[in-house]
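S.K.: Would you mind keeping the following structure in view while I ask a few things?
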Amino acid sequence: MSIPMAVPAEVPRPPLVDRLTSITTLALATALVQAAPLRTTVAVARLAKRITRRASTAAEAENTIAARDWAARFFPGRAACLEMSLAAYLAACLRGRAVDWCIGCRFDPCESHAWIEADARPVGEPTTPDRPFHVTLRV
């Protein structure tokens, strides 16, 4: 993916359960993206969404993003938007909260990106109303 994910320098420390979940899902997401075909990664994402009990609010999704950003500070490997968004998606699913995992693109300049959505809006993403991303895949 072409959009660099900037991790804030000072990320507040999330609760222990969120930290452990984020560390685990970041490692799992990286392994899936690096070692498995995309169809397998999408199948795992669809399976994970089946275990959710309710839709996530935007505030809950923001907390999931904050925990993921905290875990990313200590992650030694590559963590671009695909891995980061998949990790947040899996963490939310493991906590029983449904969010949408989106992969999309925009033109002029041509860029691809991955993100999560809650309440039908991107979570933790900068707003660019003049150049929106078009969803190619939504899980």
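Letters A, B, ... mark the chains of the structure tokens in the order given; residue numbers begin at 1 per chain; ligand numbers begin at 1, in order shown.
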Residues at most 10 Å from Ala98 of chain A, counting only C-alpha atoms, excluding those fewer than 6 positions away in the same chain, as number ranges by chain?

M.R.: A: 48-57, 61, 89-92, 117-118

S.K.: Give the strand (DSSP E or B) residues of segment 28-115 of chain A, as assigned by DSSP on the backbone, as a list in words.

M.R.: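 Result set for segment 28-115 of chain A (strand (DSSP E or B)): Arg54, Ala55, Arg97, Ala98, Asp100, Trp101, Cys102, Ile103, Gly104, Cys105, Arg106, Glu111, Ser112, His113, Ala114 and Trp115 of chain A.
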
S.K.: Excluding Pro15 of chain A and residues on its chain fewer than 6 positions from it, collect all residues at most 12 Å away from it, counting only C-alpha atoms, and give them as a ChimeraX atom specification.

M.R.: /A:21-22,63-64,66-68,70-71

S.K.: For the selection you just gave me, I'd like the residues written to a file as an mmCIF file, in the first residue's frame, keeping N, CA, C and O atoms.

M.R.:
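Once written, again_36.cif looks like this:
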```cif
data_model
loop_
_atom_site.group_PDB
_atom_site.id
_atom_site.type_symbol
_atom_site.label_atom_id
_atom_site.label_comp_id
_atom_site.auth_asym_id
_atom_site.auth_seq_id
_atom_site.Cartn_x
_atom_site.Cartn_y
_atom_site.Cartn_z
ATOM 1 N N THR A 21 -4.268 -8.057 23.022
ATOM 2 C CA THR A 21 -5.017 -8.328 21.794
ATOM 3 C C THR A 21 -4.348 -7.661 20.595
ATOM 4 O O THR A 21 -4.202 -8.270 19.540
ATOM 5 N N SER A 22 -3.922 -6.430 20.761
ATOM 6 C CA SER A 22 -3.308 -5.695 19.650
ATOM 7 C C SER A 22 -1.965 -6.286 19.238
ATOM 8 O O SER A 22 -1.665 -6.385 18.046
ATOM 9 N N ASN A 63 -10.667 3.495 20.189
ATOM 10 C CA ASN A 63 -9.884 2.837 21.244
ATOM 11 C C ASN A 63 -9.102 1.655 20.682
ATOM 12 O O ASN A 63 -7.960 1.409 21.084
ATOM 13 N N THR A 64 -9.704 0.928 19.759
ATOM 14 C CA THR A 64 -9.011 -0.191 19.111
ATOM 15 C C THR A 64 -7.829 0.321 18.301
ATOM 16 O O THR A 64 -6.739 -0.262 18.337
ATOM 17 N N ALA A 66 -6.190 3.106 18.858
ATOM 18 C CA ALA A 66 -5.179 3.582 19.815
ATOM 19 C C ALA A 66 -4.362 2.420 20.367
ATOM 20 O O ALA A 66 -3.132 2.527 20.497
ATOM 21 N N ALA A 67 -5.011 1.314 20.674
ATOM 22 C CA ALA A 67 -4.290 0.139 21.179
ATOM 23 C C ALA A 67 -3.387 -0.439 20.096
ATOM 24 O O ALA A 67 -2.244 -0.840 20.367
ATOM 25 N N ARG A 68 -3.868 -0.460 18.857
ATOM 26 C CA ARG A 68 -3.040 -0.943 17.753
ATOM 27 C C ARG A 68 -1.825 -0.050 17.546
ATOM 28 O O ARG A 68 -0.708 -0.533 17.342
ATOM 29 N N TRP A 70 -0.360 1.748 19.781
ATOM 30 C CA TRP A 70 0.548 1.492 20.900
ATOM 31 C C TRP A 70 1.390 0.250 20.611
ATOM 32 O O TRP A 70 2.610 0.255 20.796
ATOM 33 N N ALA A 71 0.759 -0.823 20.150
ATOM 34 C CA ALA A 71 1.473 -2.070 19.857
ATOM 35 C C ALA A 71 2.448 -1.893 18.697
ATOM 36 O O ALA A 71 3.530 -2.490 18.693
#
```

S.K.: Restricting the calculation to only C-alpha atoms, which member of A:Pro122, A:Glu60, A:Ala114, A:Arg138 is positioned closest to Gly96 of chain A?

M.R.: A:Glu60

S.K.: Would you please work out which residue, of A:Cys93, A:Val33, A:Ala27, A:Val135, is nearest to Phe75 of chain A when using only C-alpha atoms?

M.R.: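 The answer is A:Ala27, which sits nearest to Phe75 of chain A.
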